[in-house]
Amino acid sequence: MPLPLYYFLTITAVNLLMSWALYLPYRMGHLHFIVVANMAISGYTAAFMVLSLQLPFWLALLAGFLLGALVGYIVALFIGDAPTFAVVIVGFTFIYITRTVIENTSAVGGTMGLFGLPNVGGSPAAHRWTILAILYGLVFLVGFLIHRFDRSQLGRAASAVFIDKDLTASLGIDIKKMGILLQTFSCTLAGGCGVLYGFIYKSFHLDYFTFHVIGILMTVIFVGGYTTLWGTVLAAPVLYGVPLLFPPEIASWRIVIYGALLILVLVLKPEGFITTRFVHTIGSYWSRKRRQPTLPNRRKENL
Amino acid sequence: MKARLIVAGVLASMLFAAGPGLAQQPVAVNEWQVPFLNCLTGPIASIGAYLQWGAERAAADINQAGGIAGKPVKVTGIDTANDPQKGTVEMARIVKDGLVALGPVPEPVIMAAMPIAVENEMVSMTATTSYEYANKFFPWTVSWFPPISKRLPPVVEAWAKQFSDMKQVVQFIEPYGAWPGMAEAHVPGLKAAGVKVLSPIEVPSDAVTFGPLVVKALDQKPDGIIFACNAEKIAKIVKELKGRGWQKMNHLLVFNSGDDAALYTIGGEDINGVQVYNFINPGLDTPRWNAFKNAYMKDHNGMVPPSLSTHYYDALFMIKEAIEKTGVTGDPKKLKEERKKIADYCANVKDFQGLMFKWDMKDGVPTNKPLYIFEIESGKKKFVREVRPQ
């Protein structure tokens with residue numbers, strides 16, 4: 001596989017998974033930026049396990065997921081039903097705390113970062129295929145789970161919370177439990193992504209986990225559409241991939257193009273390019289097409 | 001018979017004399033392409049701009065003098081916008097058929113993109129980062145600096161020894177990249193000068209006000225202060241210090257990474273007298289340096305070239321020397337072998353004539369680069385002394 005394609009595919013997958021990690025809590029109105037801190041916490045921990053404790057990658061990856069879940073669950077116990085603003089503040093604070101702790105922990109490289117993560121599977125080629133397989137396995141698994149969630153009673157309840165929290169509570173829905181569930185799931189996912197992100201680069205640096213990442217994820221969600229998971233599926237590769245195709249003269253204007261695009265979308269299409277209605281329209285079109293009998297069959301039916 | 005022997009001898013000696021020329025394989029390219037993974041947009045775009053200027057200036061100078069092995073060279077700036085995500089994809093593109101590259105810049109992009117250059121065995125010159133980052137990617141890059149533990153103590157010792165009243169020193173340290181390590185390397189130098197090192201003051205990367213930090217520092221009653229943080233913050237802290245009555249301006253020392261345009265534009269007259277250590281000496285008077293300096297000043301409204309502006313100029317000249325002296329042809333069929341030739345040559349080049357001085361490399365590390373101490377006067381650096389680490 002050509003190297004640029006590998007990096008494009010893997011980084012797109014991470015952006016997609018991380019957008020979903022942000023999308024899920026946002027289904028009930030929570031902008032849960034703590035996921036970026038989770039990436040760093042789990043990523044650095046996994047790297048420490050592999051580099052210093054000589055533990056296998058798979059164990060470190062599992063630990064990354066579990067650590068993400070643990071941090072997410074503990075925090076969610078306090079902010080599972082908090083207002084959006086409080087959740088945003090907690091997320092930002094956590095990013096600062098995480099950065100400071102890592103900066104001052106020499107065991108994980110401090111401000112210098114960690115170098116020389118080994119190839120998973122021995123050779124560089126095996127490493128690439130393994131990382132790619134894990135990431136796209138995750139994309140399909142998580143995509144399927146979110147798809148099921150969106151169509152379930154829980155998903156509808158989350159939509160109700162997004163519109164009117166009090167009304168939803170009066171219908172007997174436990175908002176806090178739902179918040180804990182969604183936040184914990186998104187943090188678990190972010191933990192795993194953090195580990196894989198570092199193994200793509202074979203290194204960790206604190207600047208991999210800055211507010212810039214939040215900017216990318218927010219653009220993906222709001223340009224793609226925050227009411228359905230399909231919006232991020234469209235926006236993640238397009239927003240990341242298209243600027244790479246720009247000629248150097250235009251590439252410098254990338255940020256301006258992003259900004260203009262975001263403003264345009266927010267003004268003209270506040271729900272993003274892909275909305276629930278759009279997905280339903282496409283869905284019904286395909287179902288109609290499937291149900292429509294073919295001509296010979298119709299003739300047989302007439303006979 | 002005798003005459004024939006003489007003719008044969010003459011021909012043989014002519015052939016021998018012309019040997020290197022005949023041994024030189026024909027160059028297989030019409031133009032040498034050198035991609036430069038640089039930060040042309042984003043938070044450090046201003047630094048990226050003068051790094052790019054330096055590399056392009058080198059290309060212009062080389063082309064004017066006949067190119068590399070007779071062919072012109074072109075430096076193409078590739079913007080990574082300080083984004084590791086973009087840096088990796090761009091590096092992955094370059095390693096496919098690139099002979100050699102410049103950059104990446106800065107550390108987060110280096111860490112993400114350099115493993116790709118290493119895996120594909122292509123030299124990419126990370127000429128602005130410290131040894132502590134560069135050495136992780138040897139032999140596919142070279143360090144532009146010796147290890148901080150060797151180069152910094154002597155210069156700090158020399159600074160402290162200028163002042164007999166310098167008894168205790170405090171450091172302002174920003175936790176970024178190699179900076180805490182550099183601050184740590186100042187300590188042995190201070191101790192060697194018999195100076196007591198006070199508790200350091202951490203400057204948060206997102207700090208916007210510096211009053212409390214300055215109060216905390218002054219509370220320890222220091223005689224001198226060393227800054228290991230970014231240029232903009234240093235200028236603001238110096239202003240704050242002056243506002244609180246600090247008068248011994250030459251008892252303030254700025255580390256080399258802080259010697260950047262923002263220090264002068266924000267600091268203005270308030271930084272007069274402050275001392276700086278760095279690897280380049282803008283006061284040097286040689287035709288080559290003067291031409292570079294004047295061209296830079298002409299293109300930048302009279303601004304003196306910043307400290308890192310020469311690095312990629314020298315890097316491109318080092319590549320030129322490597323190509324010419326090792327007979328690299330640019331033939332795609334010999335890519336692997338020629339990449340190795342460039343790596344080997346650069347890692348151990350001797351007497352390399354840089355823009356400012358000559359230096360040697362040993363296994364990718366410069367062995368004899370000097371450091372300079374300056375005093376700032378009306379936005380200009382006045383030479384104080386040269387320090388050559390042993």
# chains A, B, ... in the order shown; residues from 1 in each chain; ligands from 1
>>> residues_around(residues="A:Asn38", least_positions_apart="6", cutoff="8 Å", atoms="only C-alpha atoms", output="list in words")
Gly68, Val71, Gly72, Cys187, Ala190, Gly191 and Gly194 of chain A
>>> interface_residues(of="chain B", to="chain A", cutoff="10 Å", atoms="only C-alpha atoms", output="VMD selection string")
chain B and resid 39 to 42 76 to 86 88 to 96 107 to 116 119 132 to 133 136 to 137 174 to 181 204 206
>>> atom_distance(atom1="atom CA of B:Gly211", atom2="atom CA of B:Lys236")
9.5 Å
>>> atom_distance(atom1="atom CA of A:Phe33", atom2="atom CA of A:Phe92")
6.5 Å
>>> select_by_dssp(residues="stretch 195-261 of chain B", states="strand (DSSP E or B)", output="count of residues only")
12
>>> residues_around(residues="A:Phe211", least_positions_apart="3", cutoff="9 Å", atoms="only C-alpha atoms", output="number ranges by chain")
A: 36, 92, 95, 214-216
>>> write_last_selection(atoms="N, CA and C atoms", output="PDB file, in the first residue's frame")
ATOM      1  N   VAL A  36     -10.189  14.418  24.433  1.00  0.00           N
ATOM      2  CA  VAL A  36      -8.821  14.714  23.967  1.00  0.00           C
ATOM      3  C   VAL A  36      -7.813  14.386  25.077  1.00  0.00           C
ATOM      4  N   PHE A  92     -12.063  21.128  29.233  1.00  0.00           N
ATOM      5  CA  PHE A  92     -10.887  22.001  29.077  1.00  0.00           C
ATOM      6  C   PHE A  92      -9.933  21.846  30.262  1.00  0.00           C
ATOM      7  N   ILE A  95      -7.922  18.768  30.086  1.00  0.00           N
ATOM      8  CA  ILE A  95      -6.827  18.835  29.101  1.00  0.00           C
ATOM      9  C   ILE A  95      -5.625  19.534  29.741  1.00  0.00           C
ATOM     10  N   ILE A 214      -9.472  19.507  18.992  1.00  0.00           N
ATOM     11  CA  ILE A 214     -10.885  19.838  19.220  1.00  0.00           C
ATOM     12  C   ILE A 214     -11.425  20.598  18.012  1.00  0.00           C
ATOM     13  N   GLY A 215     -10.619  21.527  17.502  1.00  0.00           N
ATOM     14  CA  GLY A 215     -11.027  22.313  16.324  1.00  0.00           C
ATOM     15  C   GLY A 215     -11.350  21.405  15.145  1.00  0.00           C
ATOM     16  N   ILE A 216     -10.479  20.415  14.908  1.00  0.00           N
ATOM     17  CA  ILE A 216     -10.705  19.490  13.778  1.00  0.00           C
ATOM     18  C   ILE A 216     -12.010  18.717  13.992  1.00  0.00           C
TER      19      ILE A 216
END
>>> closest_residue(among="B:Met122, B:Ile234, B:Leu263, B:Val254", to="B:Ala183", atoms="only C-alpha atoms")
B:Val254
>>> residues_around(residues="A:Val87", least_positions_apart="5", cutoff="7 Å", atoms="only C-alpha atoms", output="PyMOL selection string")
chain A and resi 30-32+79+82
>>> closest_residue(among="A:Ala235, A:Met28, A:Leu217, A:Leu17", to="A:Phe162", atoms="only C-alpha atoms")
A:Met28
>>> decode(residues="stretch 74-106 of chain B", atoms="N, CA, C and O atoms", output="PDB file, in the first residue's frame")
ATOM      1  N   LYS B  74      16.162  23.424  -6.840  1.00  0.00           N
ATOM      2  CA  LYS B  74      14.928  24.128  -6.490  1.00  0.00           C
ATOM      3  C   LYS B  74      14.442  23.648  -5.127  1.00  0.00           C
ATOM      4  O   LYS B  74      14.306  22.434  -4.905  1.00  0.00           O
ATOM      5  N   VAL B  75      14.219  24.590  -4.230  1.00  0.00           N
ATOM      6  CA  VAL B  75      13.665  24.244  -2.909  1.00  0.00           C
ATOM      7  C   VAL B  75      12.165  24.504  -2.947  1.00  0.00           C
ATOM      8  O   VAL B  75      11.734  25.607  -3.276  1.00  0.00           O
ATOM      9  N   THR B  76      11.378  23.477  -2.642  1.00  0.00           N
ATOM     10  CA  THR B  76       9.928  23.649  -2.636  1.00  0.00           C
ATOM     11  C   THR B  76       9.418  23.598  -1.200  1.00  0.00           C
ATOM     12  O   THR B  76       9.589  22.589  -0.518  1.00  0.00           O
ATOM     13  N   GLY B  77       8.823  24.668  -0.760  1.00  0.00           N
ATOM     14  CA  GLY B  77       8.262  24.710   0.590  1.00  0.00           C
ATOM     15  C   GLY B  77       6.961  23.930   0.645  1.00  0.00           C
ATOM     16  O   GLY B  77       6.075  24.139  -0.175  1.00  0.00           O
ATOM     17  N   ILE B  78       6.887  22.989   1.584  1.00  0.00           N
ATOM     18  CA  ILE B  78       5.646  22.222   1.769  1.00  0.00           C
ATOM     19  C   ILE B  78       5.126  22.546   3.153  1.00  0.00           C
ATOM     20  O   ILE B  78       5.791  22.271   4.150  1.00  0.00           O
ATOM     21  N   ASP B  79       3.968  23.127   3.206  1.00  0.00           N
ATOM     22  CA  ASP B  79       3.442  23.623   4.478  1.00  0.00           C
ATOM     23  C   ASP B  79       2.833  22.488   5.307  1.00  0.00           C
ATOM     24  O   ASP B  79       1.942  21.782   4.852  1.00  0.00           O
ATOM     25  N   THR B  80       3.342  22.327   6.529  1.00  0.00           N
ATOM     26  CA  THR B  80       2.739  21.342   7.435  1.00  0.00           C
ATOM     27  C   THR B  80       1.856  22.041   8.458  1.00  0.00           C
ATOM     28  O   THR B  80       1.156  21.362   9.214  1.00  0.00           O
ATOM     29  N   ALA B  81       1.918  23.357   8.494  1.00  0.00           N
ATOM     30  CA  ALA B  81       1.083  24.146   9.413  1.00  0.00           C
ATOM     31  C   ALA B  81       1.227  23.680  10.865  1.00  0.00           C
ATOM     32  O   ALA B  81       0.265  23.748  11.630  1.00  0.00           O
ATOM     33  N   ASN B  82       2.400  23.177  11.219  1.00  0.00           N
ATOM     34  CA  ASN B  82       2.658  22.729  12.595  1.00  0.00           C
ATOM     35  C   ASN B  82       1.738  21.574  12.973  1.00  0.00           C
ATOM     36  O   ASN B  82       1.448  21.356  14.148  1.00  0.00           O
ATOM     37  N   ASP B  83       1.251  20.852  11.980  1.00  0.00           N
ATOM     38  CA  ASP B  83       0.261  19.813  12.231  1.00  0.00           C
ATOM     39  C   ASP B  83       0.880  18.439  11.910  1.00  0.00           C
ATOM     40  O   ASP B  83       1.176  18.145  10.749  1.00  0.00           O
ATOM     41  N   PRO B  84       1.063  17.590  12.948  1.00  0.00           N
ATOM     42  CA  PRO B  84       1.660  16.273  12.690  1.00  0.00           C
ATOM     43  C   PRO B  84       0.857  15.467  11.673  1.00  0.00           C
ATOM     44  O   PRO B  84       1.435  14.719  10.885  1.00  0.00           O
ATOM     45  N   GLN B  85      -0.457  15.632  11.664  1.00  0.00           N
ATOM     46  CA  GLN B  85      -1.292  14.879  10.729  1.00  0.00           C
ATOM     47  C   GLN B  85      -0.897  15.188   9.289  1.00  0.00           C
ATOM     48  O   GLN B  85      -0.818  14.308   8.448  1.00  0.00           O
ATOM     49  N   LYS B  86      -0.679  16.456   9.017  1.00  0.00           N
ATOM     50  CA  LYS B  86      -0.322  16.865   7.657  1.00  0.00           C
ATOM     51  C   LYS B  86       1.144  16.502   7.372  1.00  0.00           C
ATOM     52  O   LYS B  86       1.467  16.050   6.272  1.00  0.00           O
ATOM     53  N   GLY B  87       1.978  16.687   8.395  1.00  0.00           N
ATOM     54  CA  GLY B  87       3.408  16.409   8.237  1.00  0.00           C
ATOM     55  C   GLY B  87       3.667  14.972   7.824  1.00  0.00           C
ATOM     56  O   GLY B  87       4.526  14.712   6.961  1.00  0.00           O
ATOM     57  N   THR B  88       2.936  14.021   8.404  1.00  0.00           N
ATOM     58  CA  THR B  88       3.187  12.609   8.084  1.00  0.00           C
ATOM     59  C   THR B  88       2.826  12.292   6.639  1.00  0.00           C
ATOM     60  O   THR B  88       3.578  11.615   5.944  1.00  0.00           O
ATOM     61  N   VAL B  89       1.671  12.782   6.201  1.00  0.00           N
ATOM     62  CA  VAL B  89       1.261  12.477   4.824  1.00  0.00           C
ATOM     63  C   VAL B  89       2.239  13.093   3.834  1.00  0.00           C
ATOM     64  O   VAL B  89       2.618  12.465   2.840  1.00  0.00           O
ATOM     65  N   GLU B  90       2.672  14.312   4.124  1.00  0.00           N
ATOM     66  CA  GLU B  90       3.604  14.975   3.206  1.00  0.00           C
ATOM     67  C   GLU B  90       4.948  14.243   3.169  1.00  0.00           C
ATOM     68  O   GLU B  90       5.543  14.074   2.108  1.00  0.00           O
ATOM     69  N   MET B  91       5.416  13.827   4.346  1.00  0.00           N
ATOM     70  CA  MET B  91       6.684  13.084   4.384  1.00  0.00           C
ATOM     71  C   MET B  91       6.529  11.756   3.637  1.00  0.00           C
ATOM     72  O   MET B  91       7.435  11.331   2.910  1.00  0.00           O
ATOM     73  N   ALA B  92       5.375  11.113   3.809  1.00  0.00           N
ATOM     74  CA  ALA B  92       5.136   9.840   3.112  1.00  0.00           C
ATOM     75  C   ALA B  92       5.190  10.034   1.603  1.00  0.00           C
ATOM     76  O   ALA B  92       5.629   9.147   0.868  1.00  0.00           O
ATOM     77  N   ARG B  93       4.748  11.194   1.133  1.00  0.00           N
ATOM     78  CA  ARG B  93       4.817  11.478  -0.307  1.00  0.00           C
ATOM     79  C   ARG B  93       6.266  11.679  -0.743  1.00  0.00           C
ATOM     80  O   ARG B  93       6.690  11.185  -1.781  1.00  0.00           O
ATOM     81  N   ILE B  94       7.009  12.439   0.091  1.00  0.00           N
ATOM     82  CA  ILE B  94       8.389  12.785  -0.289  1.00  0.00           C
ATOM     83  C   ILE B  94       9.274  11.542  -0.379  1.00  0.00           C
ATOM     84  O   ILE B  94      10.066  11.402  -1.303  1.00  0.00           O
ATOM     85  N   VAL B  95       9.138  10.631   0.616  1.00  0.00           N
ATOM     86  CA  VAL B  95      10.062   9.488   0.662  1.00  0.00           C
ATOM     87  C   VAL B  95       9.897   8.538  -0.515  1.00  0.00           C
ATOM     88  O   VAL B  95      10.762   7.707  -0.762  1.00  0.00           O
ATOM     89  N   LYS B  96       8.787   8.672  -1.230  1.00  0.00           N
ATOM     90  CA  LYS B  96       8.552   7.765  -2.360  1.00  0.00           C
ATOM     91  C   LYS B  96       9.714   7.858  -3.374  1.00  0.00           C
ATOM     92  O   LYS B  96      10.272   6.852  -3.772  1.00  0.00           O
ATOM     93  N   ASP B  97      10.059   9.074  -3.777  1.00  0.00           N
ATOM     94  CA  ASP B  97      11.152   9.177  -4.749  1.00  0.00           C
ATOM     95  C   ASP B  97      12.113  10.334  -4.473  1.00  0.00           C
ATOM     96  O   ASP B  97      12.954  10.644  -5.315  1.00  0.00           O
ATOM     97  N   GLY B  98      11.972  10.958  -3.302  1.00  0.00           N
ATOM     98  CA  GLY B  98      12.864  12.075  -2.978  1.00  0.00           C
ATOM     99  C   GLY B  98      14.269  11.594  -2.654  1.00  0.00           C
ATOM    100  O   GLY B  98      14.457  10.536  -2.055  1.00  0.00           O
ATOM    101  N   LEU B  99      15.255  12.374  -3.053  1.00  0.00           N
ATOM    102  CA  LEU B  99      16.647  12.022  -2.762  1.00  0.00           C
ATOM    103  C   LEU B  99      17.014  12.479  -1.360  1.00  0.00           C
ATOM    104  O   LEU B  99      17.642  11.747  -0.585  1.00  0.00           O
ATOM    105  N   VAL B 100      16.587  13.674  -1.019  1.00  0.00           N
ATOM    106  CA  VAL B 100      16.930  14.270   0.270  1.00  0.00           C
ATOM    107  C   VAL B 100      15.906  15.377   0.533  1.00  0.00           C
ATOM    108  O   VAL B 100      15.296  15.890  -0.403  1.00  0.00           O
ATOM    109  N   ALA B 101      15.687  15.698   1.811  1.00  0.00           N
ATOM    110  CA  ALA B 101      14.702  16.748   2.114  1.00  0.00           C
ATOM    111  C   ALA B 101      15.228  17.658   3.217  1.00  0.00           C
ATOM    112  O   ALA B 101      16.182  17.322   3.920  1.00  0.00           O
ATOM    113  N   LEU B 102      14.582  18.792   3.344  1.00  0.00           N
ATOM    114  CA  LEU B 102      14.866  19.710   4.458  1.00  0.00           C
ATOM    115  C   LEU B 102      13.672  19.660   5.403  1.00  0.00           C
ATOM    116  O   LEU B 102      12.544  19.472   4.975  1.00  0.00           O
ATOM    117  N   GLY B 103      13.930  19.889   6.700  1.00  0.00           N
ATOM    118  CA  GLY B 103      12.856  19.860   7.680  1.00  0.00           C
ATOM    119  C   GLY B 103      12.683  18.473   8.231  1.00  0.00           C
ATOM    120  O   GLY B 103      13.565  17.638   8.056  1.00  0.00           O
ATOM    121  N   PRO B 104      11.597  18.137   8.892  1.00  0.00           N
ATOM    122  CA  PRO B 104      10.455  19.008   9.175  1.00  0.00           C
ATOM    123  C   PRO B 104      10.744  20.002  10.300  1.00  0.00           C
ATOM    124  O   PRO B 104      11.768  19.917  10.967  1.00  0.00           O
ATOM    125  N   VAL B 105       9.787  20.879  10.491  1.00  0.00           N
ATOM    126  CA  VAL B 105       9.812  21.902  11.530  1.00  0.00           C
ATOM    127  C   VAL B 105       8.413  21.940  12.143  1.00  0.00           C
ATOM    128  O   VAL B 105       7.458  21.896  11.383  1.00  0.00           O
ATOM    129  N   PRO B 106       8.204  22.095  13.404  1.00  0.00           N
ATOM    130  CA  PRO B 106       9.110  21.958  14.523  1.00  0.00           C
ATOM    131  C   PRO B 106       8.970  20.573  15.177  1.00  0.00           C
ATOM    132  O   PRO B 106       8.571  19.644  14.477  1.00  0.00           O
TER     133      PRO B 106
END
